[in-house]
Amino acid sequence: MQCNYCERNCRLEEGRHGFCRMYANSGGRLVERFPDKWCAYAVSRVETIPFYHAYPGSRCMVVGTAGCNLDCRYCANAYAAKEDPASLTDILLDIGPGQLVELARKQGCHSIVFSINEPTVSLPTLLRVSRAAKAAGMPMGCLTNGYATPLATALLSEIFSFVNVSLKGLDPEFCGDCLGIADSSPVVRNIRELSRICHVEVTTPVIDGENDHELDAMAALLADINPDIPWHVFRLLPTHKMSQRDYPNIEDINQRLERLRGSLPYIYFHNFIGSEWVGTRCPGCGLEVITRHSLGCGGDKLDTFRCRGDACPECGGRIALLGTRVAWNAGEARA
């Protein structure tokens with residue numbers, strides 16, 4: 001049989017698993033090998049995921065499972081994404097959907113966000129969690145590499161109301177060498193499709209000498225899909241199989257990005273301490289309507305929210321937001 005969740009379309013013989021090692025053929029049925037198993041859960045600010053335009057300031061429960069359908073040479077979460085999930089069974093947490101939602105509620109969280117590895121490898125579990133979360137009135141978001149089939153992409157849009165897709169590169173040579181896939185056309189297709197259905201942000205980790213020359217092309221692509229897409233350009237701190245690579249030059253990258261902000265107004269450049277490019281400006285009048293600060297990896301935080309709902313207080317222009325500000329302690333009253 002064939003797995004139809006990701007674009008690898010793995011052929012699965014009876015009792016065998018595919019590339020991600022999270023699905024297997026059992027009696028001619030595609031089954032999850034480790035349902036309701038989690039590598040971690042923790043409380044975080046939604047900005048650190050990063051989501052800058054979805055429920056600003058809110059508290060979320062961050063969760064992840066194991067496995068991945070890509071083979072990124074610079075993977076920062078290789079401990080969960082690249083290890084054999086079978087070798088992690090002694091430390092994986094067994095938490096049912098209702099229990100996970102209750103944990104999030106007790107921690108005063110506004111949402112549940114899947115962000116440690118790839119959600120496409122755990123879709124049946126996430127579907128069950130989404131049903132429990134919807135019953136509790138709790139939205140769900142995720143990070144995804146976007147290398148999913150149309151079927152899986154439809155399921156992602158059913159499960160998650162806000163999605164951050166990693167657009168890692170466009171050049172097939174880069175995709176083959178650094179990601180382990182033939183090309184990124186399925187990712188582009190899925191960004192286009194998801195942006196029609198739910199809130200989408202995009203993250204691009206910049207690798208010096210590998211994909212930094214593609215920033216103009218990626219910005220043009222996103223502007224064609226939807227110029228309101230927030231684009232997070234990350235200064236990648238290479239790890240895993242690329243730990244010896246140089247860090248990208250901050251000034252060089254920002255000079256390139258500055259030219260692109262006219263066609264794609266919500267461009268952010270971060271993942272390093274003291275970034276000056278994490279605030280949101282009104283595309284109409286230029287007022288900084290949301291200020292944030294970044295302390296580096298995992299340190300993004302909302303400072304000031306000046307919008308009136310989703311409108312600029314100065315000119316009344318629309319700011320592309322899902323929801324409006326949610327106070328960090330808003331969920332504690334419910335809990």
# chains A, B, ... in the order shown; residues from 1 in each chain; ligands from 1
>>> closest_atom_pairs(of="segment 214-332 of chain A", to="segment 56-65 of chain A", cutoff="12 Å", atoms="only C-alpha atoms", output="Markdown table")
| residue | atom | partner | partner_atom | distance |
| --- | --- | --- | --- | --- |
| A:Gly279 | CA | A:Pro56 | CA | 11.9 |
| A:Thr280 | CA | A:Pro56 | CA | 11.3 |
| A:Val289 | CA | A:Pro56 | CA | 11.8 |
| A:Ile290 | CA | A:Pro56 | CA | 9.0 |
| A:Thr291 | CA | A:Pro56 | CA | 10.6 |
| A:Arg292 | CA | A:Gly57 | CA | 9.7 |
| A:His293 | CA | A:Gly57 | CA | 12.0 |
| A:Gly298 | CA | A:Val62 | CA | 11.9 |
| A:Asp300 | CA | A:Gly57 | CA | 10.0 |
| A:Lys301 | CA | A:Gly57 | CA | 7.2 |
| A:Leu302 | CA | A:Gly57 | CA | 5.5 |
| A:Asp303 | CA | A:Gly57 | CA | 8.4 |
| A:Thr304 | CA | A:Gly57 | CA | 9.3 |
| A:Phe305 | CA | A:Pro56 | CA | 8.2 |
| A:Arg306 | CA | A:Pro56 | CA | 11.3 |
| A:Cys307 | CA | A:Pro56 | CA | 10.8 |
| A:Gly309 | CA | A:Pro56 | CA | 11.1 |
| A:Asp310 | CA | A:Pro56 | CA | 11.0 |
| A:Ala320 | CA | A:Pro56 | CA | 11.7 |
| A:Leu321 | CA | A:Pro56 | CA | 8.5 |
| A:Leu322 | CA | A:Pro56 | CA | 8.6 |
| A:Gly323 | CA | A:Pro56 | CA | 8.0 |
| A:Thr324 | CA | A:Pro56 | CA | 6.4 |
| A:Arg325 | CA | A:Pro56 | CA | 4.7 |
| A:Val326 | CA | A:Ser58 | CA | 4.9 |
| A:Ala327 | CA | A:Ser58 | CA | 5.8 |
| A:Trp328 | CA | A:Ser58 | CA | 5.0 |
| A:Asn329 | CA | A:Arg59 | CA | 7.6 |
| A:Ala330 | CA | A:Ser58 | CA | 7.9 |
| A:Gly331 | CA | A:Arg59 | CA | 7.9 |
| A:Glu332 | CA | A:Arg59 | CA | 10.0 |
>>> select_by_dssp(residues="segment 76-216 of chain A", states="helix (DSSP H, G or I)", output="MDAnalysis selection string")
chainID A and resid 78:81 85:88 97:106 119:135 150:159 172:179 185:197 212:216
>>> atom_distance(atom1="atom CA of Met140 of chain A", atom2="atom CA of Gly316 of chain A")
29.2 Å
>>> residues_around(residues="Val113 of chain A", least_positions_apart="4", cutoff="12 Å", atoms="only C-alpha atoms", output="JSON list (two decimals) with N, CA and C atoms, in the first residue's frame")
[["chain", "number", "residue", "atom", "x", "y", "z"],
["A", 40, "ALA", "N", 7.08, 16.11, 24.24],
["A", 40, "ALA", "CA", 7.17, 17.22, 25.20],
["A", 40, "ALA", "C", 5.90, 18.04, 25.16],
["A", 41, "TYR", "N", 5.64, 18.75, 26.25],
["A", 41, "TYR", "CA", 4.65, 19.83, 26.25],
["A", 41, "TYR", "C", 5.15, 20.91, 27.20],
["A", 42, "ALA", "N", 4.89, 22.14, 26.84],
["A", 42, "ALA", "CA", 5.37, 23.27, 27.64],
["A", 42, "ALA", "C", 4.53, 24.50, 27.33],
["A", 43, "VAL", "N", 4.57, 25.47, 28.22],
["A", 43, "VAL", "CA", 3.85, 26.73, 28.03],
["A", 43, "VAL", "C", 4.78, 27.76, 27.41],
["A", 44, "SER", "N", 4.29, 28.50, 26.44],
["A", 44, "SER", "CA", 5.10, 29.50, 25.76],
["A", 44, "SER", "C", 4.25, 30.67, 25.29],
["A", 45, "ARG", "N", 4.91, 31.75, 24.91],
["A", 45, "ARG", "CA", 4.22, 32.86, 24.26],
["A", 45, "ARG", "C", 4.07, 32.55, 22.78],
["A", 46, "VAL", "N", 2.96, 32.94, 22.20],
["A", 46, "VAL", "CA", 2.71, 32.61, 20.81],
["A", 46, "VAL", "C", 3.75, 33.25, 19.89],
["A", 47, "GLU", "N", 4.32, 34.39, 20.30],
["A", 47, "GLU", "CA", 5.33, 35.06, 19.47],
["A", 47, "GLU", "C", 6.60, 34.23, 19.32],
["A", 48, "THR", "N", 6.90, 33.35, 20.27],
["A", 48, "THR", "CA", 8.15, 32.60, 20.20],
["A", 48, "THR", "C", 8.07, 31.45, 19.21],
["A", 49, "ILE", "N", 6.88, 31.10, 18.71],
["A", 49, "ILE", "CA", 6.72, 29.91, 17.87],
["A", 49, "ILE", "C", 7.46, 29.99, 16.53],
["A", 50, "PRO", "N", 7.33, 30.99, 15.66],
["A", 50, "PRO", "CA", 6.76, 32.32, 15.88],
["A", 50, "PRO", "C", 5.43, 32.53, 15.14],
["A", 51, "PHE", "N", 4.48, 33.12, 15.87],
["A", 51, "PHE", "CA", 3.28, 33.71, 15.27],
["A", 51, "PHE", "C", 3.20, 35.14, 15.77],
["A", 54, "ALA", "N", -1.22, 36.19, 15.01],
["A", 54, "ALA", "CA", -2.31, 35.34, 15.50],
["A", 54, "ALA", "C", -2.40, 35.46, 17.02],
["A", 58, "SER", "N", -0.68, 36.07, 23.44],
["A", 58, "SER", "CA", -1.36, 34.97, 24.13],
["A", 58, "SER", "C", -0.40, 33.88, 24.61],
["A", 59, "ARG", "N", -0.90, 33.11, 25.52],
["A", 59, "ARG", "CA", -0.18, 31.97, 26.09],
["A", 59, "ARG", "C", -0.64, 30.70, 25.37],
["A", 60, "CYS", "N", 0.30, 29.85, 24.99],
["A", 60, "CYS", "CA", -0.08, 28.62, 24.29],
["A", 60, "CYS", "C", 0.63, 27.42, 24.90],
["A", 61, "MET", "N", 0.01, 26.26, 24.72],
["A", 61, "MET", "CA", 0.64, 25.00, 25.09],
["A", 61, "MET", "C", 1.34, 24.47, 23.85],
["A", 62, "VAL", "N", 2.67, 24.35, 23.92],
["A", 62, "VAL", "CA", 3.47, 23.85, 22.81],
["A", 62, "VAL", "C", 3.66, 22.35, 22.97],
["A", 63, "VAL", "N", 3.37, 21.60, 21.90],
["A", 63, "VAL", "CA", 3.47, 20.14, 21.96],
["A", 63, "VAL", "C", 4.21, 19.63, 20.72],
["A", 64, "GLY", "N", 4.68, 18.39, 20.81],
["A", 64, "GLY", "CA", 5.30, 17.74, 19.66],
["A", 64, "GLY", "C", 5.30, 16.24, 19.86],
["A", 65, "THR", "N", 5.51, 15.52, 18.77],
["A", 65, "THR", "CA", 5.55, 14.06, 18.85],
["A", 65, "THR", "C", 6.98, 13.61, 18.50],
["A", 100, "LEU", "N", -4.90, 16.26, 27.24],
["A", 100, "LEU", "CA", -4.00, 17.32, 26.75],
["A", 100, "LEU", "C", -4.70, 18.67, 26.77],
["A", 101, "VAL", "N", -5.94, 18.70, 26.33],
["A", 101, "VAL", "CA", -6.69, 19.96, 26.34],
["A", 101, "VAL", "C", -6.89, 20.44, 27.77],
["A", 104, "ALA", "N", -3.74, 22.05, 29.01],
["A", 104, "ALA", "CA", -3.61, 23.40, 28.47],
["A", 104, "ALA", "C", -4.53, 24.37, 29.20],
["A", 109, "CYS", "N", -3.82, 28.41, 29.14],
["A", 109, "CYS", "CA", -3.44, 28.63, 27.74],
["A", 109, "CYS", "C", -4.65, 28.99, 26.87],
["A", 117, "ASN", "N", 8.16, 19.06, 15.95],
["A", 117, "ASN", "CA", 8.49, 18.30, 14.75],
["A", 117, "ASN", "C", 7.36, 18.51, 13.74],
["A", 118, "GLU", "N", 7.22, 17.61, 12.78],
["A", 118, "GLU", "CA", 6.29, 17.81, 11.68],
["A", 118, "GLU", "C", 4.90, 17.22, 11.97],
["A", 119, "PRO", "N", 3.83, 18.02, 11.95],
["A", 119, "PRO", "CA", 2.49, 17.50, 12.27],
["A", 119, "PRO", "C", 1.97, 16.45, 11.29],
["A", 126, "LEU", "N", -3.63, 14.15, 15.96],
["A", 126, "LEU", "CA", -3.97, 15.58, 15.97],
["A", 126, "LEU", "C", -5.43, 15.82, 15.62],
["A", 129, "VAL", "N", -7.17, 15.33, 18.89],
["A", 129, "VAL", "CA", -6.95, 16.48, 19.78],
["A", 129, "VAL", "C", -7.79, 17.67, 19.33],
["A", 130, "SER", "N", -7.87, 17.87, 18.02],
["A", 130, "SER", "CA", -8.61, 19.03, 17.51],
["A", 130, "SER", "C", -10.09, 18.95, 17.87],
["A", 133, "ALA", "N", -10.27, 19.97, 21.43],
["A", 133, "ALA", "CA", -9.96, 21.40, 21.57],
["A", 133, "ALA", "C", -11.14, 22.26, 21.09],
["A", 138, "MET", "N", -10.95, 26.00, 22.19],
["A", 138, "MET", "CA", -9.52, 26.32, 22.19],
["A", 138, "MET", "C", -8.95, 26.15, 20.78],
["A", 139, "PRO", "N", -8.46, 27.22, 20.15],
["A", 139, "PRO", "CA", -7.89, 27.10, 18.80],
["A", 139, "PRO", "C", -6.57, 26.35, 18.82],
["A", 140, "MET", "N", -6.19, 25.82, 17.65],
["A", 140, "MET", "CA", -4.92, 25.12, 17.50],
["A", 140, "MET", "C", -4.12, 25.71, 16.34],
["A", 141, "GLY", "N", -2.80, 25.73, 16.51],
["A", 141, "GLY", "CA", -1.90, 26.19, 15.46],
["A", 141, "GLY", "C", -0.76, 25.22, 15.31],
["A", 142, "CYS", "N", 0.05, 25.41, 14.27],
["A", 142, "CYS", "CA", 1.19, 24.51, 14.08],
["A", 142, "CYS", "C", 2.28, 25.16, 13.24],
["A", 143, "LEU", "N", 3.47, 24.59, 13.36],
["A", 143, "LEU", "CA", 4.54, 24.79, 12.39],
["A", 143, "LEU", "C", 4.56, 23.55, 11.50],
["A", 144, "THR", "N", 4.78, 23.73, 10.22],
["A", 144, "THR", "CA", 4.87, 22.60, 9.30],
["A", 144, "THR", "C", 5.87, 22.91, 8.20],
["A", 159, "ILE", "N", -7.68, 20.86, 11.13],
["A", 159, "ILE", "CA", -7.21, 20.78, 12.51],
["A", 159, "ILE", "C", -6.80, 22.15, 13.05],
["A", 160, "PHE", "N", -6.07, 22.91, 12.23],
["A", 160, "PHE", "CA", -5.41, 24.13, 12.70],
["A", 160, "PHE", "C", -6.04, 25.38, 12.08],
["A", 161, "SER", "N", -6.28, 26.38, 12.92],
["A", 161, "SER", "CA", -6.79, 27.65, 12.41],
["A", 161, "SER", "C", -5.67, 28.64, 12.09],
["A", 162, "PHE", "N", -4.46, 28.37, 12.57],
["A", 162, "PHE", "CA", -3.31, 29.19, 12.20],
["A", 162, "PHE", "C", -2.09, 28.29, 12.01],
["A", 163, "VAL", "N", -1.37, 28.56, 10.91],
["A", 163, "VAL", "CA", -0.30, 27.68, 10.45],
["A", 163, "VAL", "C", 0.90, 28.51, 10.04],
["A", 164, "ASN", "N", 2.08, 28.07, 10.45],
["A", 164, "ASN", "CA", 3.32, 28.68, 9.99],
["A", 164, "ASN", "C", 4.06, 27.65, 9.14]]
>>> residues_around(residues="Val206 of chain A", least_positions_apart="5", cutoff="12 Å", atoms="only C-alpha atoms", output="PyMOL selection string")
chain A and resi 74+166-169+174+178+211-215+218+232-238+245-250+252-254+257+269-271
>>> select_by_dssp(residues="segment 204-330 of chain A", states="strand (DSSP E)", output="ChimeraX atom specification")
/A:204-206,231-235,267-270,280-281,288-293,301-305
>>> write_last_selection(atoms="C-alpha atoms", output="mmCIF file, in the first residue's frame")
data_model
loop_
_atom_site.group_PDB
_atom_site.id
_atom_site.type_symbol
_atom_site.label_atom_id
_atom_site.label_comp_id
_atom_site.auth_asym_id
_atom_site.auth_seq_id
_atom_site.Cartn_x
_atom_site.Cartn_y
_atom_site.Cartn_z
ATOM 1 C CA THR A 204 12.539 31.006 6.087
ATOM 2 C CA PRO A 205 15.736 29.970 7.876
ATOM 3 C CA VAL A 206 18.638 31.654 6.068
ATOM 4 C CA TRP A 231 7.249 36.443 6.609
ATOM 5 C CA HIS A 232 9.708 35.507 9.343
ATOM 6 C CA VAL A 233 13.257 35.441 8.043
ATOM 7 C CA PHE A 234 15.391 33.579 10.562
ATOM 8 C CA ARG A 235 19.112 34.037 10.980
ATOM 9 C CA ILE A 267 8.690 41.100 6.877
ATOM 10 C CA TYR A 268 10.433 40.205 10.135
ATOM 11 C CA PHE A 269 14.085 39.361 10.660
ATOM 12 C CA HIS A 270 14.945 37.684 13.938
ATOM 13 C CA THR A 280 4.661 45.534 12.932
ATOM 14 C CA ARG A 281 4.129 48.737 10.968
ATOM 15 C CA GLU A 288 4.501 50.906 14.435
ATOM 16 C CA VAL A 289 1.252 49.406 15.685
ATOM 17 C CA ILE A 290 2.795 46.403 17.486
ATOM 18 C CA THR A 291 6.164 46.481 19.213
ATOM 19 C CA ARG A 292 8.015 43.352 20.260
ATOM 20 C CA HIS A 293 11.456 42.421 21.450
ATOM 21 C CA LYS A 301 7.658 38.796 23.347
ATOM 22 C CA LEU A 302 4.891 41.334 22.742
ATOM 23 C CA ASP A 303 5.611 44.751 24.229
ATOM 24 C CA THR A 304 2.924 47.191 23.007
ATOM 25 C CA PHE A 305 -0.275 46.592 21.067
#
>>> closest_residue(among="A:Leu92, A:Cys282, A:Ala154, A:Cys10", to="Gly262 of chain A", atoms="only C-alpha atoms")
A:Cys282
>>> residues_around(residues="Leu295 of chain A", least_positions_apart="6", cutoff="7 Å", atoms="only C-alpha atoms", output="list of chain:residue names")
A:Phe272, A:Ile273, A:Gly274
>>> residues_around(residues="Gly27 of chain A", least_positions_apart="2", cutoff="8 Å", atoms="only C-alpha atoms", output="list in words")
Glu14, Gly15, Asn25 and Arg29 of chain A
>>> write_last_selection(atoms="all heavy atoms", output="short mmCIF file (atom, residue, chain, number, x, y, z; two decimals), in the first residue's frame")
data_model
loop_
_atom_site.label_atom_id
_atom_site.label_comp_id
_atom_site.auth_asym_id
_atom_site.auth_seq_id
_atom_site.Cartn_x
_atom_site.Cartn_y
_atom_site.Cartn_z
N GLU A 14 3.50 -5.01 4.21
CA GLU A 14 2.85 -5.43 5.45
C GLU A 14 3.85 -5.39 6.61
O GLU A 14 4.95 -5.94 6.53
CB GLU A 14 2.29 -6.84 5.31
CG GLU A 14 1.73 -7.44 6.59
CD GLU A 14 0.51 -6.70 7.12
OE1 GLU A 14 -0.25 -6.14 6.30
OE2 GLU A 14 0.32 -6.67 8.35
N GLY A 15 3.45 -4.70 7.69
CA GLY A 15 4.28 -4.63 8.88
C GLY A 15 5.46 -3.68 8.79
O GLY A 15 6.25 -3.58 9.74
N ASN A 25 1.91 -0.24 7.65
CA ASN A 25 0.87 -1.05 7.00
C ASN A 25 0.50 -2.19 7.95
O ASN A 25 1.32 -3.05 8.25
CB ASN A 25 1.41 -1.60 5.68
CG ASN A 25 0.41 -2.48 4.94
OD1 ASN A 25 -0.61 -2.90 5.49
ND2 ASN A 25 0.70 -2.79 3.69
N ARG A 29 -4.11 -1.62 6.14
CA ARG A 29 -4.57 -0.33 6.66
C ARG A 29 -3.37 0.52 7.07
O ARG A 29 -2.41 0.01 7.65
CB ARG A 29 -5.51 -0.50 7.85
CG ARG A 29 -6.82 -1.16 7.53
CD ARG A 29 -7.65 -1.39 8.80
NE ARG A 29 -7.85 -0.17 9.56
CZ ARG A 29 -7.30 0.05 10.77
NH1 ARG A 29 -6.53 -0.85 11.34
NH2 ARG A 29 -7.54 1.19 11.40
#
>>> closest_residue(among="A:Leu70, A:Leu179, A:Cys285, A:Val278", to="Pro313 of chain A", atoms="only C-alpha atoms")
A:Cys285
>>> residues_around(residues="Arg11 of chain A", least_positions_apart="6", cutoff="12 Å", atoms="only C-alpha atoms", output="PDB file with N, CA and C atoms, in the first residue's frame")
ATOM      1  N   MET A   1       0.844  -1.191   0.000  1.00  0.00           N
ATOM      2  CA  MET A   1       0.000   0.000   0.000  1.00  0.00           C
ATOM      3  C   MET A   1       0.880   1.242   0.000  1.00  0.00           C
ATOM      4  N   GLN A   2       0.270   2.372  -0.275  1.00  0.00           N
ATOM      5  CA  GLN A   2       0.998   3.629  -0.355  1.00  0.00           C
ATOM      6  C   GLN A   2       0.494   4.594   0.709  1.00  0.00           C
ATOM      7  N   CYS A   3       1.436   5.229   1.420  1.00  0.00           N
ATOM      8  CA  CYS A   3       1.066   6.289   2.364  1.00  0.00           C
ATOM      9  C   CYS A   3       0.773   7.557   1.565  1.00  0.00           C
ATOM     10  N   ASN A   4      -0.366   8.168   1.816  1.00  0.00           N
ATOM     11  CA  ASN A   4      -0.772   9.352   1.046  1.00  0.00           C
ATOM     12  C   ASN A   4      -0.818  10.610   1.900  1.00  0.00           C
ATOM     13  N   TYR A   5       0.003  10.654   2.955  1.00  0.00           N
ATOM     14  CA  TYR A   5       0.040  11.835   3.802  1.00  0.00           C
ATOM     15  C   TYR A   5       1.096  12.849   3.366  1.00  0.00           C
ATOM     16  N   HIS A  17       7.238   0.255   7.962  1.00  0.00           N
ATOM     17  CA  HIS A  17       6.956   1.687   8.059  1.00  0.00           C
ATOM     18  C   HIS A  17       7.673   2.440   6.951  1.00  0.00           C
ATOM     19  N   GLY A  18       7.298   3.724   6.793  1.00  0.00           N
ATOM     20  CA  GLY A  18       7.881   4.553   5.754  1.00  0.00           C
ATOM     21  C   GLY A  18       9.018   5.417   6.277  1.00  0.00           C
ATOM     22  N   PHE A  19       9.358   6.460   5.501  1.00  0.00           N
ATOM     23  CA  PHE A  19      10.517   7.310   5.797  1.00  0.00           C
ATOM     24  C   PHE A  19      10.417   7.948   7.173  1.00  0.00           C
ATOM     25  N   TYR A  23       4.137   5.834  10.475  1.00  0.00           N
ATOM     26  CA  TYR A  23       2.980   5.104   9.957  1.00  0.00           C
ATOM     27  C   TYR A  23       3.440   3.736   9.466  1.00  0.00           C
ATOM     28  N   ALA A  24       2.533   2.774   9.527  1.00  0.00           N
ATOM     29  CA  ALA A  24       2.857   1.422   9.078  1.00  0.00           C
ATOM     30  C   ALA A  24       1.645   0.795   8.395  1.00  0.00           C
ATOM     31  N   ASN A  25       1.911  -0.243   7.645  1.00  0.00           N
ATOM     32  CA  ASN A  25       0.870  -1.050   6.997  1.00  0.00           C
ATOM     33  C   ASN A  25       0.503  -2.186   7.945  1.00  0.00           C
ATOM     34  N   GLY A  28      -3.210  -4.134   5.580  1.00  0.00           N
ATOM     35  CA  GLY A  28      -3.704  -3.333   4.465  1.00  0.00           C
ATOM     36  C   GLY A  28      -4.264  -1.988   4.875  1.00  0.00           C
ATOM     37  N   LEU A  30      -3.435   1.813   6.771  1.00  0.00           N
ATOM     38  CA  LEU A  30      -2.397   2.741   7.209  1.00  0.00           C
ATOM     39  C   LEU A  30      -2.685   3.129   8.653  1.00  0.00           C
TER      40      LEU A  30
END
